[in-house]
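Visitor: Compact mmCIF, C-alpha atoms and all ligand atoms, file work32.txt:
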```
# COMPACT_ATOMS: atom_id res chain seq x y z
CA MET A 180 -12.63 17.48 29.61
CA LEU A 181 -16.01 15.80 30.01
CA ALA A 182 -17.07 13.85 26.93
CA PRO A 183 -20.22 15.32 25.36
CA ALA A 184 -23.37 13.16 25.38
CA PHE A 185 -24.70 11.97 22.02
CA ALA A 186 -27.77 13.69 20.64
CA ARG A 187 -29.90 11.19 18.73
CA LEU A 188 -31.54 12.50 15.57
CA PRO A 189 -34.31 10.15 14.42
CA HIS A 190 -34.09 8.87 10.86
CA PRO A 191 -36.95 10.32 8.75
CA ASN A 192 -37.22 7.29 6.44
CA PRO A 193 -35.19 4.25 7.55
CA THR A 194 -34.50 1.52 5.01
CA ALA A 195 -37.50 -0.81 4.60
CA ASP A 196 -37.07 -4.29 6.13
CA GLU A 197 -37.15 -6.16 2.81
CA VAL A 198 -34.67 -3.74 1.17
CA ARG A 199 -32.30 -4.12 4.12
CA ALA A 200 -32.67 -7.91 4.07
CA ALA A 201 -31.70 -7.98 0.38
CA ALA A 202 -28.75 -5.61 0.94
CA ILE A 203 -27.23 -7.71 3.75
CA ALA A 204 -27.93 -11.14 2.26
CA ASP A 205 -24.51 -11.29 0.53
CA PRO A 206 -22.79 -7.90 0.90
CA VAL A 207 -19.67 -7.03 -1.14
CA PHE A 208 -17.01 -5.63 1.22
CA GLY A 209 -17.38 -1.87 1.65
CA ARG A 210 -20.33 -1.38 -0.72
CA VAL A 211 -23.31 -1.55 1.63
CA PHE A 212 -23.89 1.04 4.36
CA THR A 213 -26.36 1.34 7.21
CA ASP A 214 -28.88 4.10 7.98
CA HIS A 215 -26.90 6.01 10.60
CA MET A 216 -23.56 7.62 11.31
CA VAL A 217 -21.93 9.24 14.32
CA SER A 218 -20.58 12.77 13.93
CA ILE A 219 -18.53 14.81 16.43
CA ARG A 220 -16.92 18.18 15.86
CA TYR A 221 -13.71 19.62 17.30
CA SER A 222 -12.34 23.14 17.32
CA ASP A 223 -9.43 24.59 19.27
CA ALA A 224 -11.89 27.13 20.68
CA LYS A 225 -14.69 24.75 21.79
CA GLY A 226 -12.93 21.38 22.17
CA TRP A 227 -15.06 18.30 21.30
CA HIS A 228 -18.72 19.20 20.79
CA ASP A 229 -21.86 18.44 18.80
CA ALA A 230 -21.78 14.64 19.25
CA GLN A 231 -24.67 13.16 17.26
CA VAL A 232 -26.04 9.85 16.07
CA MET A 233 -27.73 10.94 12.89
CA PRO A 234 -29.09 9.72 9.55
CA ARG A 235 -26.23 8.79 7.25
CA GLY A 236 -25.82 11.26 4.42
CA PRO A 237 -23.40 13.27 2.26
CA LEU A 238 -21.04 15.83 3.79
CA LEU A 239 -21.18 19.36 2.48
CA LEU A 240 -17.61 20.65 2.19
CA ASP A 241 -16.33 24.08 1.27
CA PRO A 242 -13.86 23.66 -1.63
CA ALA A 243 -11.14 25.18 0.57
CA THR A 244 -11.59 22.56 3.33
CA ALA A 245 -8.03 21.73 4.42
CA VAL A 246 -8.26 17.93 4.01
CA LEU A 247 -8.96 18.31 0.27
CA HIS A 248 -5.61 20.05 -0.18
CA TYR A 249 -3.18 18.69 2.41
CA ALA A 250 -4.69 15.27 3.24
CA GLN A 251 -4.80 15.65 7.02
CA GLU A 252 -6.95 12.54 7.54
CA ILE A 253 -6.75 9.38 9.64
CA PHE A 254 -9.00 6.34 10.08
CA GLU A 255 -9.56 3.07 11.90
CA GLY A 256 -11.18 -0.22 10.99
CA LEU A 257 -12.74 -2.73 13.38
CA LYS A 258 -15.59 -5.21 13.44
CA ALA A 259 -18.63 -5.79 15.63
CA TYR A 260 -19.87 -9.38 15.80
CA ARG A 261 -23.26 -10.84 16.64
CA LEU A 262 -22.59 -13.74 19.03
CA ASP A 263 -24.56 -16.98 19.23
CA ASP A 264 -26.44 -15.79 22.34
CA GLY A 265 -27.69 -12.77 20.37
CA SER A 266 -25.46 -10.23 22.09
CA MET A 267 -23.10 -7.96 20.16
CA ALA A 268 -19.37 -7.67 20.73
CA LEU A 269 -16.43 -5.49 19.71
CA PHE A 270 -12.89 -6.85 19.37
CA ARG A 271 -10.11 -4.80 21.05
CA VAL A 272 -11.83 -1.43 20.59
CA GLU A 273 -9.50 0.14 23.22
CA ALA A 274 -6.53 -0.71 20.99
CA ASN A 275 -8.21 1.03 18.05
CA ALA A 276 -8.84 4.12 20.19
CA ALA A 277 -5.19 4.25 21.30
CA ARG A 278 -3.91 3.73 17.74
CA PHE A 279 -6.26 6.42 16.41
CA ASN A 280 -4.69 8.92 18.78
CA ALA A 281 -1.18 7.77 17.88
CA SER A 282 -2.10 8.46 14.23
CA ALA A 283 -3.57 11.85 15.26
CA ARG A 284 -0.30 12.83 16.99
CA ARG A 285 1.79 11.92 13.94
CA MET A 286 -0.51 13.92 11.66
CA ALA A 287 -0.57 16.91 14.07
CA MET A 288 -4.34 16.49 14.56
CA ALA A 289 -6.47 16.84 17.70
CA GLU A 290 -6.61 13.72 19.87
CA ILE A 291 -10.04 12.43 20.84
CA PRO A 292 -10.64 11.24 24.42
CA GLU A 293 -10.54 7.42 24.25
CA GLU A 294 -13.89 7.06 26.04
CA LEU A 295 -15.48 9.37 23.45
CA PHE A 296 -14.04 7.27 20.58
CA ILE A 297 -15.31 4.06 22.19
CA GLY A 298 -18.69 5.66 22.98
CA ALA A 299 -19.02 6.73 19.34
CA VAL A 300 -18.26 3.22 18.07
CA LYS A 301 -20.77 1.66 20.48
CA ALA A 302 -23.43 4.24 19.57
CA ALA A 303 -22.92 3.45 15.87
CA VAL A 304 -23.38 -0.30 16.43
CA GLU A 305 -26.42 0.16 18.64
CA ALA A 306 -28.09 2.49 16.12
CA ASP A 307 -27.78 -0.10 13.34
CA ALA A 308 -27.99 -3.36 15.27
CA ASP A 309 -30.54 -4.76 12.80
CA TRP A 310 -27.95 -4.60 9.97
CA PHE A 311 -25.84 -7.67 10.92
CA PRO A 312 -25.66 -9.93 7.86
CA PRO A 313 -27.38 -13.25 8.71
CA VAL A 314 -24.49 -15.25 7.16
CA ALA A 315 -21.61 -17.22 8.68
CA GLY A 316 -18.77 -14.80 9.28
CA GLY A 317 -21.05 -11.77 8.93
CA ALA A 318 -20.15 -8.63 10.90
CA LEU A 319 -20.52 -4.87 10.97
CA TYR A 320 -17.32 -3.26 9.75
CA LEU A 321 -16.87 0.05 11.57
CA ARG A 322 -14.94 2.88 10.03
CA PRO A 323 -14.12 5.71 12.46
CA PHE A 324 -12.27 8.54 10.70
CA MET A 325 -11.34 12.18 11.14
CA TYR A 326 -10.44 14.92 8.68
CA ALA A 327 -9.23 18.52 8.86
CA SER A 328 -12.45 20.51 8.39
CA GLU A 329 -11.06 24.01 8.71
CA VAL A 330 -11.64 26.20 5.64
CA PHE A 331 -8.17 27.59 5.08
CA LEU A 332 -5.42 27.13 2.49
CA GLY A 333 -2.54 27.97 4.82
CA VAL A 334 -0.11 25.09 5.33
CA LYS A 335 -0.45 24.36 9.04
CA PRO A 336 -2.26 21.85 11.25
CA ALA A 337 -5.97 22.66 11.13
CA SER A 338 -7.76 24.16 14.13
CA GLU A 339 -11.02 22.29 13.34
CA TYR A 340 -11.68 18.57 12.82
CA HIS A 341 -14.69 16.40 12.02
CA PHE A 342 -14.81 12.86 13.45
CA LEU A 343 -17.30 10.32 12.09
CA VAL A 344 -18.13 6.64 12.37
CA ILE A 345 -19.81 4.92 9.43
CA VAL A 346 -20.95 1.29 9.38
CA SER A 347 -20.77 -1.30 6.60
CA PRO A 348 -22.29 -4.80 6.86
CA VAL A 349 -19.75 -7.36 5.60
CA GLY A 350 -19.88 -11.06 4.89
CA ASN A 351 -17.16 -13.62 5.37
CA TYR A 352 -14.23 -12.33 3.33
CA PHE A 353 -13.83 -15.82 1.89
CA LYS A 354 -16.88 -17.90 1.12
CA SER A 355 -15.39 -21.34 1.74
CA GLY A 356 -12.20 -21.25 3.77
CA ALA A 357 -9.36 -18.86 3.05
CA PRO A 358 -7.72 -19.51 -0.32
CA ALA A 359 -4.00 -18.82 -0.61
CA VAL A 360 -3.18 -15.50 -2.28
CA SER A 361 -0.51 -14.75 -4.82
CA LEU A 362 1.81 -11.83 -4.01
CA TRP A 363 3.80 -9.44 -6.20
CA VAL A 364 6.95 -7.91 -4.73
CA SER A 365 7.14 -4.21 -5.56
CA GLU A 366 10.73 -3.47 -6.56
CA HIS A 367 10.15 0.18 -7.58
CA TYR A 368 7.58 1.62 -5.20
CA THR A 369 7.85 1.84 -1.44
CA ARG A 370 5.02 2.45 0.99
CA ALA A 371 6.80 4.19 3.85
CA ALA A 372 10.21 5.63 4.65
CA PRO A 373 12.03 6.08 7.98
CA GLY A 374 10.66 9.20 9.66
CA GLY A 375 7.55 9.12 7.47
CA THR A 376 3.95 8.18 8.20
CA GLY A 377 4.09 4.39 7.74
CA ALA A 378 2.98 3.67 11.31
CA ALA A 379 0.03 6.09 11.12
CA LYS A 380 -3.29 4.87 9.72
CA CYS A 381 -3.72 7.80 7.32
CA GLY A 382 -5.41 7.91 3.94
CA GLY A 383 -2.22 9.32 2.40
CA ASN A 384 -0.38 6.04 2.90
CA TYR A 385 -3.04 4.29 0.83
CA ALA A 386 -2.96 6.98 -1.87
CA ALA A 387 0.79 6.33 -2.23
CA SER A 388 0.38 2.54 -2.35
CA LEU A 389 -2.39 2.23 -4.95
CA ILE A 390 -0.13 2.31 -8.00
CA ALA A 391 1.86 -0.65 -6.65
CA GLN A 392 -1.34 -2.58 -5.96
CA GLN A 393 -2.52 -1.74 -9.47
CA GLU A 394 0.76 -3.11 -10.83
CA ALA A 395 0.31 -6.34 -8.83
CA ILE A 396 -3.20 -6.84 -10.26
CA ALA A 397 -2.00 -6.04 -13.80
CA LYS A 398 0.66 -8.76 -13.44
CA GLY A 399 -2.01 -11.24 -12.36
CA HIS A 400 -1.45 -11.24 -8.58
CA ASP A 401 -3.75 -10.52 -5.65
CA GLN A 402 -1.68 -8.24 -3.43
CA VAL A 403 1.57 -6.29 -3.36
CA VAL A 404 4.42 -6.83 -0.85
CA PHE A 405 6.38 -3.72 0.06
CA LEU A 406 10.07 -3.75 0.88
CA ASP A 407 11.88 -1.16 3.00
CA ALA A 408 12.64 2.20 1.41
CA ALA A 409 16.33 2.38 2.38
CA GLU A 410 17.72 -0.94 1.07
CA HIS A 411 14.81 -2.46 -0.91
CA ARG A 412 15.63 -5.66 0.86
CA TRP A 413 13.59 -6.12 4.05
CA ILE A 414 9.98 -7.28 3.89
CA GLU A 415 7.64 -4.72 5.44
CA GLU A 416 3.96 -5.54 4.82
CA LEU A 417 1.20 -5.67 2.23
CA GLY A 418 -0.88 -2.60 1.31
CA GLY A 419 -3.14 -3.18 4.32
CA MET A 420 -2.01 -6.36 6.09
CA ASN A 421 0.95 -7.43 8.23
CA MET A 422 3.13 -10.45 7.35
CA PHE A 423 4.09 -13.63 9.24
CA PHE A 424 6.58 -16.39 8.32
CA VAL A 425 6.39 -19.93 9.77
CA PHE A 426 9.43 -22.25 9.91
CA ASP A 427 9.83 -26.02 10.08
CA ASP A 428 11.10 -25.81 13.69
CA GLY A 429 7.71 -24.31 14.68
CA SER A 430 9.07 -20.77 15.13
CA ILE A 431 7.45 -17.68 13.62
CA VAL A 432 8.95 -14.40 12.40
CA THR A 433 7.22 -11.08 11.77
CA PRO A 434 8.89 -7.78 10.82
CA PRO A 435 9.52 -5.49 13.82
CA LEU A 436 7.64 -2.21 14.42
CA THR A 437 10.35 0.26 13.47
CA GLY A 438 8.04 3.10 12.46
CA THR A 439 7.54 2.18 8.81
CA ILE A 440 5.04 -0.63 9.46
CA LEU A 441 1.45 -0.22 10.61
CA PRO A 442 1.13 -1.76 14.10
CA GLY A 443 -1.75 -4.12 13.32
CA ILE A 444 -4.04 -5.18 16.15
CA THR A 445 -4.50 -8.53 14.42
CA ARG A 446 -0.67 -8.80 14.26
CA ASP A 447 -0.47 -8.21 18.00
CA ALA A 448 -3.23 -10.75 18.69
CA ILE A 449 -1.54 -13.39 16.50
CA ILE A 450 1.80 -12.89 18.30
CA THR A 451 0.05 -13.34 21.65
CA LEU A 452 -1.94 -16.41 20.55
CA ALA A 453 1.14 -18.04 19.00
CA ARG A 454 3.11 -17.54 22.24
CA ASP A 455 0.14 -18.87 24.25
CA ALA A 456 0.35 -22.00 22.06
CA GLY A 457 4.03 -22.43 22.96
CA LEU A 458 5.45 -21.21 19.63
CA THR A 459 8.52 -18.98 19.52
CA VAL A 460 7.76 -15.64 17.87
CA ARG A 461 10.60 -13.36 16.82
CA GLU A 462 10.00 -9.77 15.73
CA GLU A 463 13.00 -9.34 13.49
CA PRO A 464 13.86 -8.17 9.97
CA TYR A 465 13.44 -10.82 7.26
CA SER A 466 14.78 -10.22 3.77
CA ILE A 467 13.19 -11.04 0.44
CA ASP A 468 16.27 -13.11 -0.56
CA GLN A 469 16.04 -15.13 2.63
CA TRP A 470 12.31 -15.67 2.11
CA GLN A 471 12.93 -17.13 -1.34
CA ALA A 472 15.88 -19.26 -0.15
CA ASP A 473 13.94 -20.59 2.86
CA ALA A 474 10.85 -21.36 0.77
CA GLU A 475 12.99 -23.23 -1.76
CA SER A 476 14.93 -25.19 0.87
CA GLY A 477 11.76 -26.09 2.76
CA ARG A 478 12.94 -24.42 5.98
CA LEU A 479 10.01 -22.03 5.58
CA THR A 480 6.74 -23.95 5.60
CA GLU A 481 4.03 -21.27 5.67
CA SER A 482 3.48 -17.52 5.26
CA PHE A 483 0.38 -15.50 5.95
CA ALA A 484 -0.90 -11.96 6.06
CA CYS A 485 -3.33 -10.60 8.65
CA GLY A 486 -5.63 -7.66 9.28
CA THR A 487 -9.14 -6.89 10.50
CA ALA A 488 -10.93 -7.16 7.14
CA ALA A 489 -9.71 -10.57 5.95
CA VAL A 490 -8.43 -11.78 9.39
CA VAL A 491 -5.75 -14.30 8.27
CA THR A 492 -4.84 -14.88 4.62
CA PRO A 493 -2.40 -17.66 3.61
CA VAL A 494 0.21 -16.85 0.97
CA GLY A 495 0.57 -19.46 -1.79
CA LYS A 496 2.98 -17.91 -4.24
CA VAL A 497 5.37 -14.96 -4.48
CA THR A 498 6.70 -13.31 -7.64
CA ARG A 499 9.63 -10.87 -7.89
CA GLY A 500 10.45 -9.73 -11.37
CA GLN A 501 10.83 -12.82 -13.54
CA THR A 502 11.11 -15.38 -10.73
CA SER A 503 8.41 -16.98 -8.61
CA PHE A 504 8.49 -19.26 -5.60
CA THR A 505 5.81 -21.34 -3.90
CA ILE A 506 5.16 -21.35 -0.15
CA GLY A 507 4.83 -24.87 1.29
CA ALA A 508 2.30 -26.82 -0.77
CA GLY A 509 0.81 -23.55 -2.11
CA GLY A 510 -2.29 -23.71 0.08
CA PRO A 511 -3.29 -22.88 3.68
CA GLY A 512 -0.82 -24.42 6.15
CA GLN A 513 -1.55 -26.02 9.50
CA VAL A 514 -0.06 -23.31 11.77
CA THR A 515 -1.84 -20.59 9.79
CA THR A 516 -5.19 -22.38 10.05
CA THR A 517 -4.75 -23.13 13.77
CA LEU A 518 -3.92 -19.51 14.65
CA LYS A 519 -6.76 -18.22 12.54
CA ASP A 520 -9.26 -20.57 14.19
CA LYS A 521 -8.06 -19.53 17.66
CA LEU A 522 -8.49 -15.84 16.80
CA VAL A 523 -11.89 -16.23 15.15
CA GLY A 524 -13.07 -18.37 18.09
CA ILE A 525 -12.33 -15.54 20.53
CA GLN A 526 -13.80 -12.86 18.26
CA ARG A 527 -17.05 -14.78 17.92
CA GLY A 528 -17.37 -15.66 21.58
CA LEU A 529 -16.92 -19.41 20.90
CA ALA A 530 -13.67 -19.69 22.89
CA PRO A 531 -12.55 -18.27 26.26
CA ASP A 532 -11.14 -14.73 26.12
CA PRO A 533 -8.12 -14.89 28.48
CA HIS A 534 -6.74 -11.50 27.39
CA GLY A 535 -9.97 -9.50 27.80
CA TRP A 536 -10.15 -8.58 24.11
CA VAL A 537 -13.92 -8.78 23.69
CA THR A 538 -16.31 -6.00 24.78
CA ARG A 539 -19.94 -7.11 24.92
CA LEU A 540 -22.56 -4.48 24.13
C1 LIG B 601 -5.03 -1.35 9.17
C2 LIG B 601 -3.77 -1.85 8.57
C3 LIG B 601 -3.21 -3.10 8.92
C4 LIG B 601 -3.90 -4.10 9.80
O1 LIG B 601 -4.22 -3.62 11.05
P1 LIG B 601 -5.34 -4.37 11.92
O2 LIG B 601 -5.40 -3.57 13.16
O3 LIG B 601 -4.85 -5.74 12.15
O4 LIG B 601 -6.59 -4.33 11.12
C5 LIG B 601 -1.99 -3.44 8.35
N1 LIG B 601 -1.36 -2.62 7.51
C6 LIG B 601 -1.87 -1.42 7.15
C7 LIG B 601 -1.13 -0.57 6.20
C8 LIG B 601 -3.10 -1.00 7.66
O5 LIG B 601 -3.60 0.18 7.30
```
In structure tokens, how does this file's structure come out?
Guide:
Amino acid sequence: MLAPAFARLPHPNPTADEVRAAAIADPVFGRVFTDHMVSIRYSDAKGWHDAQVMPRGPLLLDPATAVLHYAQEIFEGLKAYRLDDGSMALFRVEANAARFNASARRMAMAEIPEELFIGAVKAAVEADADWFPPVAGGALYLRPFMYASEVFLGVKPASEYHFLVIVSPVGNYFKSGAPAVSLWVSEHYTRAAPGGTGAAKCGGNYAASLIAQQEAIAKGHDQVVFLDAAEHRWIEELGGMNMFFVFDDGSIVTPPLTGTILPGITRDAIITLARDAGLTVREEPYSIDQWQADAESGRLTESFACGTAAVVTPVGKVTRGQTSFTIGAGGPGQVTTTLKDKLVGIQRGLAPDPHGWVTRL
């Protein structure tokens, strides 16, 4: 099917320059939004239609809209960067398009042609190109998402979907170098079970994980670590970031993609960059007991989490029940910092891009 062209609806009253400048001077993650959004409709009868770049505004939903009842919803998250030469760039947008459709298949939703997804993301960035925060590490965070828009209470995959892209200017996640975070191991709640939706980027996974994150915060930690649902033994990931473990022989371990872990694009990039640097990366199960034993013996020297929003986040301390253990010296380690710098260098156009990850707009 031919992708529909985007209609462009002019904004009746765009944000005034000085208001925008104040909003993007030091934005809190996910709180500031631009003037426009992209909207595309799907129905079984008409296919993809009504592609628009339009003023951002509220959605009017019938109370019987399927997503409000059965949570048929998926999303993506990626960043656009303003490079030193003034051009704009997207990082691995093709991978986001492919993962969006993998999520759509798992949630029995309509798949969107990849070129339409990529076209929508580019149109969103171009419409709001004057919203890049003028700060080091500033970017436009892009949130493509799709929900079941059919008005029907029957329990079945919807026959109508609404796809949108909204844009949020974000600053550097960490103001002065990444601090090490403190993690809480959830021993009661699990995020995903075999055969479930753990590998799909769906809102429902987050809904199920919030209570564990709330528990972590209440206990004085930054983030929750989830273990596997079957044995409560194998480390899976954080609420929204994948995990890596660095050993004193220079090797790295990350949990394998068995269907319960979200296949992070940052995770994939880190694996590739580590192998490029001559490190051995093993995708294999790693248990919570082993993590503690290796941290205590010194065999494990670093641990970090990674994802689009915060890029690479070192882990300083881990708590399970009454016991805690420290990772390395409790701060950012050398391998973590090196891999992060390599990744950020490519994303920002400061280093060569041997894998073709950057799309210039
Ligand atoms: C999005 C997400 C990640 C990270 O994926 P990236 O593509 O690296 O941003 C990790 N875990 C979960 C649960 C996620 O939703």
Visitor: What lies within 12 Å of Gly350 in chain A using only C-alpha atoms, ignoring chain neighbours under 4 positions off, as a PyMOL selection string?
Guide: chain A and resi 202-211+258+260+310-320+354-355+488-489
Visitor: What is the CA of Gln501 in chain A to CA of Gln471 in chain A distance in Å?
Guide: 13.1 Å
Visitor: Can you list every residue of chain A that has an atom at most 7 Å from ligand LIG 601 (chain B), with its nearest atom pair and the distance in Å to one decimal, using only C-alpha atoms and all ligand atoms, ordered by chain then number, as a Markdown table?
Guide:
```
| residue | atom | partner | partner_atom | distance |
| --- | --- | --- | --- | --- |
| A:Glu255 | CA | B:LIG601 | C1 | 6.9 |
| A:Gly256 | CA | B:LIG601 | O4 | 6.2 |
| A:Leu257 | CA | B:LIG601 | O4 | 6.7 |
| A:Lys380 | CA | B:LIG601 | O5 | 5.3 |
| A:Glu416 | CA | B:LIG601 | N1 | 6.6 |
| A:Leu417 | CA | B:LIG601 | N1 | 6.6 |
| A:Gly418 | CA | B:LIG601 | C7 | 5.3 |
| A:Gly419 | CA | B:LIG601 | C6 | 3.6 |
| A:Met420 | CA | B:LIG601 | C5 | 3.7 |
| A:Asn421 | CA | B:LIG601 | C5 | 5.0 |
| A:Ile440 | CA | B:LIG601 | C7 | 7.0 |
| A:Leu441 | CA | B:LIG601 | N1 | 4.8 |
| A:Pro442 | CA | B:LIG601 | O1 | 6.4 |
| A:Gly443 | CA | B:LIG601 | O1 | 3.4 |
| A:Ile444 | CA | B:LIG601 | O2 | 3.7 |
| A:Thr445 | CA | B:LIG601 | O3 | 3.6 |
| A:Arg446 | CA | B:LIG601 | O3 | 5.6 |
| A:Cys485 | CA | B:LIG601 | O3 | 6.2 |
| A:Gly486 | CA | B:LIG601 | O3 | 3.5 |
| A:Thr487 | CA | B:LIG601 | O4 | 3.7 |
| A:Ala488 | CA | B:LIG601 | O4 | 6.5 |
```
Visitor: Name the closest residue to Gln251 in chain A among the candidates A:Lys398, A:Lys335, A:Arg278, A:Lys301; distances are taken between atoms, counting all atoms listed in the file.
Guide: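 Answer, going by the shortest atom-to-atom distance: A:Lys335.
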Visitor: From the set A:Val246, A:Val217, A:Ala283, A:Ala268, which residue has the shortest atom-to-atom contact distance to Ala379 in chain A, counting all atoms listed in the file?
Guide: A:Ala283
Visitor: So that I can see what lies close to Ala230 in chain A, please list as an NGL selection string the residues with an atom at most 6 Å from it, counting only C-alpha atoms and leaving out residues fewer than 5 positions away in the same chain.
Guide: :A and (185 or 218-219)
Visitor: Could you tell me which of A:Val432, A:Ala474, A:Ile390, A:Val491 comes closest to Glu462 in chain A if we count only C-alpha atoms?
Guide: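 Comparing A:Val432, A:Ala474, A:Ile390, A:Val491 against Glu462 in chain A, the winner is A:Val432.
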Visitor: Using only C-alpha atoms, list the residues that have an atom at most 12 Å from (17.4, 0.5, 3.2), coordinates as in the file, as a compact mmCIF listing (two decimals) with C-alpha atoms, keeping the file's coordinate frame.
Guide:
```
# COMPACT_ATOMS: atom_id res chain seq x y z
CA THR A 369 7.85 1.84 -1.44
CA ALA A 371 6.80 4.19 3.85
CA ALA A 372 10.21 5.63 4.65
CA PRO A 373 12.03 6.08 7.98
CA LEU A 406 10.07 -3.75 0.88
CA ASP A 407 11.88 -1.16 3.00
CA ALA A 408 12.64 2.20 1.41
CA ALA A 409 16.33 2.38 2.38
CA GLU A 410 17.72 -0.94 1.07
CA HIS A 411 14.81 -2.46 -0.91
CA ARG A 412 15.63 -5.66 0.86
CA TRP A 413 13.59 -6.12 4.05
CA ILE A 414 9.98 -7.28 3.89
CA GLU A 415 7.64 -4.72 5.44
CA THR A 439 7.54 2.18 8.81
CA PRO A 464 13.86 -8.17 9.97
CA SER A 466 14.78 -10.22 3.77
```
Visitor: Work out how far apart CA of Pro336 in chain A and CA of Asn384 in chain A are and give it in Å to one decimal.
Guide: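 It comes out at 18.0 Å.
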Visitor: With all atoms listed in the file as the basis for distance, which of A:Gly528, A:Gly512, A:Pro189, A:Pro348 is at the shortest distance from Thr213 in chain A?
Guide: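 Residue with the minimum atom-to-atom distance to Thr213 in chain A: A:Pro348.
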Visitor: Choose the residue, out of A:Phe296, A:Tyr221, A:Tyr249, A:Phe424, that has the smallest atom-to-atom separation from Pro323 in chain A; count only C-alpha atoms.
Guide: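 With only C-alpha atoms as the atom set, the closest residue is A:Phe296.
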Visitor: Using only C-alpha atoms, which of A:Thr480, A:Thr538, A:Ser361, A:Thr376 sits nearest Ser282 in chain A?
Guide: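 Checking each candidate against Ser282 in chain A, we get A:Thr376 as the closest.
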